[in-house]
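Visitor: So that you have it, the file is my_file-v3.tsv, and it contains TSV, C-alpha atoms and all ligand atoms:
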```
chain	number	residue	atom	x	y	z
X	1	MET	CA	78.37	63.33	143.81
X	2	ASN	CA	80.71	65.79	142.08
X	3	SER	CA	83.14	64.34	139.56
X	4	PRO	CA	86.76	64.29	140.83
X	5	PHE	CA	87.84	65.71	137.48
X	6	PRO	CA	87.47	69.39	136.66
X	7	SER	CA	85.67	68.73	133.38
X	8	PRO	CA	84.50	65.78	131.27
X	9	SER	CA	87.47	66.31	128.94
X	10	ALA	CA	89.98	65.84	131.74
X	11	GLY	CA	91.35	62.43	132.73
X	12	PRO	CA	92.91	61.34	136.02
X	13	PHE	CA	96.24	62.80	134.89
X	14	GLY	CA	94.82	66.19	133.92
X	15	ARG	CA	93.23	67.37	130.76
X	16	ARG	CA	93.97	65.23	127.74
X	17	LEU	CA	95.93	66.86	124.97
X	18	LYS	CA	93.96	66.61	121.77
X	19	ARG	CA	97.04	66.51	119.56
X	20	GLU	CA	100.67	65.73	119.76
X	21	ARG	CA	102.64	68.57	121.29
X	22	GLY	CA	104.85	70.13	118.67
X	23	ALA	CA	102.64	69.66	115.61
X	24	LYS	CA	102.52	73.06	113.95
X	25	VAL	CA	99.17	74.66	113.29
X	26	PRO	CA	98.81	75.64	109.64
X	27	VAL	CA	97.93	79.27	109.05
X	28	THR	CA	96.23	80.76	106.02
X	29	ILE	CA	96.57	84.52	105.63
X	30	VAL	CA	93.76	86.06	103.61
X	31	THR	CA	94.55	89.54	102.47
X	32	GLY	CA	93.25	91.85	99.75
X	33	PHE	CA	92.10	95.43	99.40
X	34	LEU	CA	89.05	96.91	101.15
X	35	GLY	CA	85.86	95.17	100.06
X	36	ALA	CA	87.59	92.76	97.68
X	37	GLY	CA	85.61	89.80	99.07
X	38	LYS	CA	87.77	88.31	101.84
X	39	THR	CA	84.96	87.72	104.35
X	40	THR	CA	82.72	86.26	101.65
X	41	LEU	CA	85.37	83.73	100.63
X	42	ILE	CA	86.20	82.82	104.24
X	43	ASN	CA	82.54	82.25	105.11
X	44	ARG	CA	82.13	79.92	102.14
X	45	PHE	CA	85.32	78.05	103.08
X	46	LEU	CA	84.11	77.61	106.67
X	47	ALA	CA	80.97	75.93	105.34
X	48	THR	CA	82.97	73.24	103.48
X	49	PRO	CA	84.24	70.01	105.07
X	50	GLU	CA	87.81	71.30	104.65
X	51	GLY	CA	86.85	74.42	106.60
X	52	GLN	CA	85.66	72.54	109.68
X	53	GLY	CA	87.85	73.08	112.72
X	54	THR	CA	89.06	76.53	111.67
X	55	ALA	CA	89.68	79.38	114.08
X	56	VAL	CA	89.51	82.82	112.49
X	57	VAL	CA	91.41	85.93	113.51
X	58	VAL	CA	89.87	89.05	111.99
X	59	ASN	CA	91.66	92.37	111.83
X	60	GLU	CA	89.59	95.42	110.93
X	61	PHE	CA	90.63	98.97	110.16
X	62	GLY	CA	87.46	100.62	111.49
X	63	ALA	CA	86.69	101.27	115.15
X	64	VAL	CA	83.72	98.90	115.17
X	65	GLY	CA	84.07	95.24	114.16
X	66	ILE	CA	81.54	94.14	111.55
X	67	ASP	CA	83.25	91.15	109.93
X	68	ASP	CA	83.73	89.14	113.12
X	69	ALA	CA	79.98	89.35	113.73
X	70	LEU	CA	79.36	88.07	110.21
X	71	ILE	CA	81.88	85.21	110.58
X	72	ARG	CA	81.25	84.28	114.23
X	73	GLU	CA	78.49	81.76	113.58
X	74	SER	CA	80.49	79.64	111.14
X	75	ALA	CA	83.96	79.56	112.71
X	76	ASP	CA	85.01	77.37	115.62
X	77	GLU	CA	86.48	80.42	117.31
X	78	THR	CA	86.71	84.04	116.21
X	79	VAL	CA	89.08	86.65	117.57
X	80	LEU	CA	88.70	90.29	116.59
X	81	LEU	CA	91.78	92.48	116.46
X	82	GLY	CA	90.04	95.77	115.90
X	83	ASN	CA	90.71	99.34	114.99
X	84	GLY	CA	94.02	99.41	113.21
X	85	CYS	CA	96.09	97.46	110.78
X	86	LEU	CA	97.92	94.35	111.87
X	87	CYS	CA	100.89	95.72	110.03
X	88	CYS	CA	101.00	98.94	112.05
X	89	ILE	CA	99.78	98.71	115.58
X	90	ALA	CA	98.64	95.26	116.35
X	91	ARG	CA	101.51	92.87	115.72
X	92	SER	CA	101.92	92.15	119.41
X	93	ASP	CA	98.13	91.73	119.59
X	94	LEU	CA	98.40	89.11	116.86
X	95	GLN	CA	101.19	87.26	118.68
X	96	GLU	CA	99.19	87.38	121.89
X	97	ALA	CA	95.94	86.27	120.23
X	98	LEU	CA	97.59	83.28	118.53
X	99	ARG	CA	99.35	82.10	121.68
X	100	ARG	CA	96.13	82.45	123.64
X	101	LEU	CA	94.23	80.38	121.10
X	102	VAL	CA	96.71	77.53	121.45
X	103	ILE	CA	96.70	77.67	125.26
X	104	GLU	CA	92.91	77.76	125.45
X	105	ARG	CA	92.68	74.85	123.03
X	106	GLU	CA	95.09	72.77	125.08
X	107	ARG	CA	93.11	73.53	128.22
X	108	GLY	CA	89.93	72.47	126.41
X	109	GLU	CA	88.39	75.93	126.89
X	110	ILE	CA	87.65	76.39	123.20
X	111	PRO	CA	86.86	73.79	120.53
X	112	ASP	CA	89.79	71.96	119.03
X	113	PHE	CA	90.90	73.60	115.80
X	114	LYS	CA	93.23	72.38	113.13
X	115	ARG	CA	93.82	75.55	111.16
X	116	ILE	CA	93.88	79.29	111.68
X	117	VAL	CA	92.70	81.75	109.06
X	118	ILE	CA	93.83	85.34	109.56
X	119	GLU	CA	91.79	87.93	107.69
X	120	THR	CA	93.85	91.09	107.49
X	121	SER	CA	92.33	94.51	107.18
X	122	GLY	CA	91.97	95.68	103.60
X	123	LEU	CA	94.71	98.25	104.15
X	124	ALA	CA	97.24	95.88	105.70
X	125	ASP	CA	100.68	95.36	104.29
X	126	PRO	CA	101.24	91.62	104.77
X	127	SER	CA	105.05	91.75	105.05
X	128	PRO	CA	105.27	92.72	108.74
X	129	ILE	CA	102.77	89.97	109.51
X	130	LEU	CA	104.88	87.40	107.65
X	131	GLN	CA	107.98	88.75	109.33
X	132	THR	CA	106.35	88.24	112.72
X	133	PHE	CA	105.95	84.53	111.97
X	134	ALA	CA	109.49	84.34	110.58
X	135	THR	CA	111.21	86.13	113.46
X	136	ASP	CA	109.19	85.26	116.57
X	137	ARG	CA	110.66	81.87	117.48
X	138	ALA	CA	107.87	80.85	119.80
X	139	LEU	CA	105.30	81.64	117.13
X	140	GLY	CA	107.39	79.92	114.47
X	141	ASP	CA	107.49	76.78	116.62
X	142	MET	CA	103.72	76.71	116.99
X	143	PHE	CA	102.51	77.90	113.59
X	144	HIS	CA	103.37	77.55	109.95
X	145	VAL	CA	102.10	79.96	107.28
X	146	ASP	CA	100.86	77.57	104.60
X	147	VAL	CA	99.48	80.05	102.17
X	148	VAL	CA	98.98	83.76	101.61
X	149	LEU	CA	95.78	84.11	99.63
X	150	THR	CA	95.31	87.59	98.19
X	151	VAL	CA	91.86	88.57	97.03
X	152	VAL	CA	91.57	90.99	94.09
X	153	ASP	CA	88.29	92.58	93.06
X	154	ALA	CA	87.69	92.21	89.30
X	155	ALA	CA	85.54	95.37	89.28
X	156	THR	CA	87.61	97.84	91.30
X	157	GLY	CA	90.98	96.03	91.36
X	158	PRO	CA	92.44	97.41	88.11
X	159	ASP	CA	92.00	100.98	89.34
X	160	THR	CA	92.99	100.25	92.94
X	161	LEU	CA	96.24	98.56	91.88
X	162	GLY	CA	97.12	101.78	90.07
X	163	TRP	CA	96.95	104.08	93.10
X	164	SER	CA	97.29	101.90	96.18
X	165	ALA	CA	100.72	100.76	97.36
X	166	GLU	CA	98.97	98.46	99.86
X	167	ALA	CA	97.08	96.65	97.09
X	168	ARG	CA	100.28	96.15	95.10
X	169	LYS	CA	102.17	94.77	98.10
X	170	GLN	CA	99.33	92.39	98.90
X	171	THR	CA	99.63	91.14	95.33
X	172	ILE	CA	103.42	90.86	95.33
X	173	LEU	CA	103.44	88.77	98.53
X	174	ALA	CA	100.66	86.39	97.49
X	175	ASP	CA	101.14	82.67	97.02
X	176	ARG	CA	97.78	82.56	95.36
X	177	LEU	CA	95.60	85.31	93.88
X	178	ALA	CA	91.82	84.94	93.85
X	179	ILE	CA	90.03	87.29	91.45
X	180	THR	CA	86.52	87.85	92.81
X	181	LYS	CA	83.32	89.36	91.42
X	182	THR	CA	83.86	87.80	88.01
X	183	ASP	CA	80.04	87.58	87.89
X	184	ILE	CA	79.67	91.37	87.65
X	185	ALA	CA	82.89	92.50	85.98
X	186	GLY	CA	83.95	91.82	82.43
X	187	ALA	CA	86.63	89.33	81.43
X	188	PRO	CA	89.60	90.01	83.74
X	189	GLU	CA	92.32	89.36	81.11
X	190	ALA	CA	93.98	92.78	81.45
X	191	LEU	CA	93.86	92.45	85.23
X	192	ILE	CA	95.46	88.98	85.04
X	193	ALA	CA	98.25	90.38	82.86
X	194	HIS	CA	98.85	93.15	85.41
X	195	LEU	CA	98.87	90.67	88.31
X	196	ASN	CA	101.34	88.49	86.40
X	197	THR	CA	103.76	91.37	86.03
X	198	LEU	CA	103.52	92.19	89.74
X	199	ASN	CA	103.82	88.57	90.85
X	200	PRO	CA	104.70	85.96	88.24
X	201	ASN	CA	104.97	83.21	90.91
X	202	ALA	CA	101.41	83.23	92.22
X	203	ASP	CA	98.67	80.89	90.98
X	204	ILE	CA	95.67	82.87	89.80
X	205	VAL	CA	92.15	81.55	90.38
X	206	ARG	CA	88.77	83.10	89.66
X	207	SER	CA	85.76	83.28	91.91
X	208	ALA	CA	82.15	84.40	91.63
X	209	ASN	CA	79.98	85.00	94.69
X	210	GLY	CA	82.43	83.44	97.11
X	211	ALA	CA	82.75	80.12	95.27
X	212	LEU	CA	86.34	78.90	95.48
X	213	ASP	CA	87.95	75.48	95.71
X	214	PRO	CA	88.67	75.04	99.45
X	215	ARG	CA	92.13	73.75	98.57
X	216	CYS	CA	93.01	77.36	97.71
X	217	PHE	CA	92.94	77.91	101.50
X	218	THR	CA	94.73	74.75	102.51
X	219	GLU	CA	97.26	73.73	99.87
X	220	PRO	CA	100.63	75.38	100.15
X	221	ALA	CA	101.70	77.01	96.91
X	222	ALA	CA	104.23	75.19	94.77
X	223	LEU	CA	106.64	78.08	94.30
X	224	GLN	CA	108.55	79.97	96.92
X	225	ARG	CA	106.88	83.15	98.19
X	226	ASN	CA	108.42	86.43	97.07
X	227	ALA	CA	110.83	87.95	99.55
X	228	PHE	CA	109.52	90.67	101.83
X	229	VAL	CA	109.26	93.99	100.08
X	230	ALA	CA	110.23	97.24	101.76
X	231	GLU	CA	107.54	98.59	104.01
X	232	ALA	CA	105.47	101.37	102.49
X	233	GLU	CA	103.54	104.14	104.14
X	234	HIS	CA	99.80	103.90	103.90
X	235	SER	CA	98.37	105.84	100.99
X	236	ASP	CA	97.67	109.45	101.87
X	237	GLY	CA	94.38	110.80	103.09
X	238	ILE	CA	92.76	107.52	104.10
X	239	GLY	CA	90.76	107.73	107.29
X	240	SER	CA	87.98	105.96	109.08
X	241	PHE	CA	84.99	106.98	111.19
X	242	VAL	CA	81.83	105.34	112.46
X	243	LEU	CA	78.31	106.72	112.30
X	244	THR	CA	76.13	105.41	115.13
X	245	GLU	CA	72.51	106.04	116.00
X	246	GLU	CA	70.34	104.55	118.73
X	247	ALA	CA	66.90	105.18	117.23
X	248	SER	CA	65.68	103.31	114.17
X	249	LEU	CA	66.20	105.06	110.82
X	250	PRO	CA	63.97	105.53	107.80
X	251	TRP	CA	65.56	103.49	104.99
X	252	PRO	CA	65.08	106.20	102.29
X	253	ALA	CA	67.20	108.68	104.28
X	254	PHE	CA	70.18	106.31	104.36
X	255	ALA	CA	69.69	105.10	100.78
X	256	LYS	CA	69.45	108.63	99.33
X	257	THR	CA	72.47	109.82	101.29
X	258	MET	CA	74.53	106.92	99.95
X	259	ASP	CA	73.27	107.43	96.37
X	260	THR	CA	74.39	111.05	96.56
X	261	LEU	CA	77.76	110.16	98.07
X	262	ILE	CA	78.39	107.54	95.38
X	263	ALA	CA	77.48	110.02	92.63
X	264	LEU	CA	79.71	112.74	94.07
X	265	ARG	CA	82.59	110.81	95.66
X	266	GLY	CA	82.25	107.13	94.65
X	267	PRO	CA	85.97	106.42	94.13
X	268	ASP	CA	86.79	107.94	97.55
X	269	LEU	CA	84.22	105.87	99.39
X	270	LEU	CA	86.70	103.03	99.76
X	271	ARG	CA	84.57	100.91	102.05
X	272	VAL	CA	81.33	101.38	103.94
X	273	LYS	CA	79.83	98.55	105.97
X	274	GLY	CA	77.70	98.10	108.99
X	275	PHE	CA	74.45	97.21	110.66
X	276	LEU	CA	71.42	99.50	110.40
X	277	ASN	CA	68.39	99.52	112.65
X	278	VAL	CA	65.81	100.30	109.96
X	279	GLU	CA	62.24	101.34	110.78
X	280	GLY	CA	59.94	98.35	110.26
X	281	CYS	CA	62.72	95.70	110.22
X	282	LYS	CA	63.20	93.10	112.94
X	283	GLY	CA	66.84	92.18	112.39
X	284	PRO	CA	69.73	94.43	111.43
X	285	VAL	CA	70.12	95.39	107.80
X	286	VAL	CA	73.69	94.74	106.67
X	287	VAL	CA	74.80	97.48	104.30
X	288	GLN	CA	77.94	97.23	102.17
X	289	PHE	CA	79.57	99.56	99.67
X	290	VAL	CA	82.89	99.21	97.85
X	291	GLN	CA	83.70	102.45	96.03
X	292	HIS	CA	80.94	102.79	93.42
X	293	LEU	CA	79.64	99.23	93.95
X	294	ALA	CA	76.58	98.85	96.16
X	295	PRO	CA	75.62	95.22	96.71
X	296	PRO	CA	71.98	94.83	97.81
X	297	PRO	CA	71.37	95.27	101.56
X	298	VAL	CA	70.48	92.11	103.49
X	299	GLU	CA	68.27	91.86	106.58
X	300	LEU	CA	69.59	89.33	109.13
X	301	ASP	CA	67.21	87.26	111.28
X	302	ALA	CA	68.63	88.63	114.51
X	303	TRP	CA	71.14	91.11	115.89
X	304	PRO	CA	74.56	89.51	116.42
X	305	ASP	CA	74.83	91.00	119.92
X	306	GLY	CA	72.62	92.80	122.41
X	307	ASN	CA	73.36	96.16	120.83
X	308	ARG	CA	70.54	97.24	118.49
X	309	SER	CA	71.99	100.59	117.52
X	310	SER	CA	72.99	101.36	113.96
X	311	ARG	CA	76.76	101.39	113.38
X	312	VAL	CA	78.27	101.99	110.00
X	313	VAL	CA	82.02	102.12	109.42
X	314	PHE	CA	83.26	104.48	106.69
X	315	ILE	CA	86.79	104.16	105.27
X	316	THR	CA	87.31	107.05	102.92
X	317	ARG	CA	89.92	108.97	101.00
X	318	GLY	CA	89.82	112.70	101.69
X	319	LEU	CA	86.18	112.62	102.78
X	320	GLY	CA	85.52	113.67	106.36
X	321	GLU	CA	82.97	112.60	108.92
X	322	LYS	CA	81.41	116.06	109.08
X	323	GLN	CA	80.75	116.14	105.34
X	324	VAL	CA	78.95	112.81	105.53
X	325	ARG	CA	76.98	113.73	108.66
X	326	ASP	CA	75.93	117.08	107.13
X	327	LEU	CA	74.78	115.39	103.94
X	328	PHE	CA	72.82	112.80	105.91
X	329	ALA	CA	71.11	115.53	107.98
X	330	ALA	CA	70.30	117.54	104.83
X	331	VAL	CA	68.78	114.52	103.08
X	332	ARG	CA	66.71	113.66	106.17
X	333	SER	CA	65.34	117.18	106.43
X	334	LEU	CA	64.08	116.96	102.83
X	335	LEU	CA	62.15	113.70	103.33
X	401	LIG	N1	78.71	90.23	92.94
X	401	LIG	C1	79.64	89.81	93.79
X	401	LIG	N2	79.72	90.41	95.00
X	401	LIG	C2	80.67	89.97	95.85
X	401	LIG	C3	81.57	88.91	95.52
X	401	LIG	N3	82.39	88.72	96.56
X	401	LIG	C4	82.02	89.62	97.51
X	401	LIG	N4	80.99	90.38	97.10
X	401	LIG	C5	80.33	91.48	97.81
X	401	LIG	O1	81.27	92.51	98.01
X	401	LIG	C6	81.05	93.13	99.27
X	401	LIG	C7	82.35	93.08	100.08
X	401	LIG	O2	82.63	91.72	100.35
X	401	LIG	P1	83.42	91.27	101.68
X	401	LIG	O3	83.56	89.79	101.59
X	401	LIG	O4	82.81	91.85	102.89
X	401	LIG	O5	84.80	91.98	101.40
X	401	LIG	P2	86.06	92.13	102.39
X	401	LIG	O6	87.26	92.05	101.54
X	401	LIG	O7	85.95	91.15	103.51
X	401	LIG	O8	85.83	93.59	102.94
X	401	LIG	P3	86.69	94.38	104.09
X	401	LIG	O9	86.92	93.39	105.21
X	401	LIG	O10	85.81	95.50	104.48
X	401	LIG	O11	87.94	94.84	103.46
X	401	LIG	C8	79.91	92.37	99.95
X	401	LIG	O12	78.72	93.07	99.73
X	401	LIG	C9	79.88	91.05	99.19
X	401	LIG	O13	78.59	90.47	99.16
X	401	LIG	C10	81.44	88.29	94.21
X	401	LIG	O14	82.20	87.38	93.82
X	401	LIG	N5	80.46	88.80	93.41
```
Could you rewrite the structure in this file as structure tokens?
Ligand SMILES: Nc1nc2c(ncn2[C@@H]2O[C@H](COP(=O)(O)OP(=O)(O)OP(=O)(O)O)[C@@H](O)[C@H]2O)c(=O)[nH]1

Guide:
Amino acid sequence: MNSPFPSPSAGPFGRRLKRERGAKVPVTIVTGFLGAGKTTLINRFLATPEGQGTAVVVNEFGAVGIDDALIRESADETVLLGNGCLCCIARSDLQEALRRLVIERERGEIPDFKRIVIETSGLADPSPILQTFATDRALGDMFHVDVVLTVVDAATGPDTLGWSAEARKQTILADRLAITKTDIAGAPEALIAHLNTLNPNADIVRSANGALDPRCFTEPAALQRNAFVAEAEHSDGIGSFVLTEEASLPWPAFAKTMDTLIALRGPDLLRVKGFLNVEGCKGPVVVQFVQHLAPPPVELDAWPDGNRSSRVVFITRGLGEKQVRDLFAAVRSLL
């Protein structure tokens, strides 16, 4: 006989609420420039006991979401807000996504979660996002921003802070600054001094390979967050495009193209990431580049979705899609 209740989680008086109505959901905003190490830190946090019961909202600048596929397996729920910056086009998308998460949780449609982590795109200015929480009353009643954790790359950060208004604003609005990649960059003392001048209130912590005390995600900072700073335009000449290909690719063609691009235009190759269908490999090969840094590619066991085509997102400064495509074709014809 069918159960009289619509689902095992529902009682005779309707679905049981898993928590008291009115308790605010803590939110952690993880921001930081392109490729600084946000996803790496979040994935490590999700694997800790403190990270259990976390829903993640990922905002990406490129037209194809890569990070949500890399986070999906560890988070209780992942929402992708793609193709644009939360600060520019997707604030209403953020409001909508957060409200939907709460409604679906109360209906028992998604696992219960006790925290939300928002990963902003590397080009996002966090102030409009913070303002959304401060000014949208409904959102303010449901959520509380516990901590803004800004990730700064020890290798590329010193240079990036010099030219990127977005990177400086992410630093100024941080409650806590996590300096990553301390395993490959030298002592970050000059960087720490620079960060201190931009934001004397933030705690500064160091991380190597994603290792970070989970309390950096959960403990509100002791000092009051800096006031919102005036909105800035995005830095000039930054654009994004996606290279896709259905057929499998020879690895040397991709590797040589990227070597050449790094040699010629490394500083303008702000971020490259994606999945490649490489000849002879079963799973997708995840490729990552952050300016001149090229972490080793990693082959995953399986494709994250049914789509086995290669898709690589490029975020560049003054470097167009045609130039990259032409170079790729030229390299392939020589092999
Ligand atoms: N050596 C080293 N590599 C790191 C560290 N943290 C991250 N990486 C690498 O840096 C690359 C970028 O890391 P992500 O975590 O994807 O950076 P992100 O900030 O999420 O990137 P976007 O979302 O594209 O802005 C990846 O290849 C990581 O493996 C670190 O502490 N040390």

Visitor: Find the spatial neighbours of region 113-123 of chain X, counting all atoms listed in the file, within a cut-off of 8 Å - ignore same-chain residues fewer than 3 positions away - and output them as a ChimeraX atom specification.

Guide: /X:25-36,38-39,53-61,76,84-86,105,126,166-167,234

Visitor: As an exercise, work out the distance from CA of Gly162 (chain X) to CA of Ile262 (chain X) in Å and give it to one decimal place.

Guide: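 Those two atoms sit 20.3 Å apart.
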
Visitor: Point out the residue among X:Gly266, X:Pro49, X:Gly157, X:Gly237 with the least atom-to-atom distance to ligand LIG 401 (chain X), counting all atoms listed in the file.

Guide: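 Comparing X:Gly266, X:Pro49, X:Gly157, X:Gly237 against ligand LIG 401 (chain X), the winner is X:Gly157.
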
Visitor: Which is closest to ligand LIG 401 (chain X) among X:Thr180, X:Gln170, X:Gln95, X:Gln52, if we use all atoms listed in the file?

Guide: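 Of X:Thr180, X:Gln170, X:Gln95, X:Gln52, the one nearest ligand LIG 401 (chain X) is X:Thr180, counting all atoms listed in the file.
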
Visitor: For Lys256 (chain X), which residue out of X:Ala208, X:Ala329, X:Leu94, X:Ile184 is the nearest one, using only C-alpha atoms?

Guide: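 Checking each candidate against Lys256 (chain X), we get X:Ala329 as the closest.
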
Visitor: I'd like to know which of X:Lys273, X:Lys181, X:Arg44, X:Arg215 is closest to ligand LIG 401 (chain X), using only C-alpha atoms and all ligand atoms.

Guide: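 For ligand LIG 401 (chain X), the nearest of the candidates is X:Lys181.
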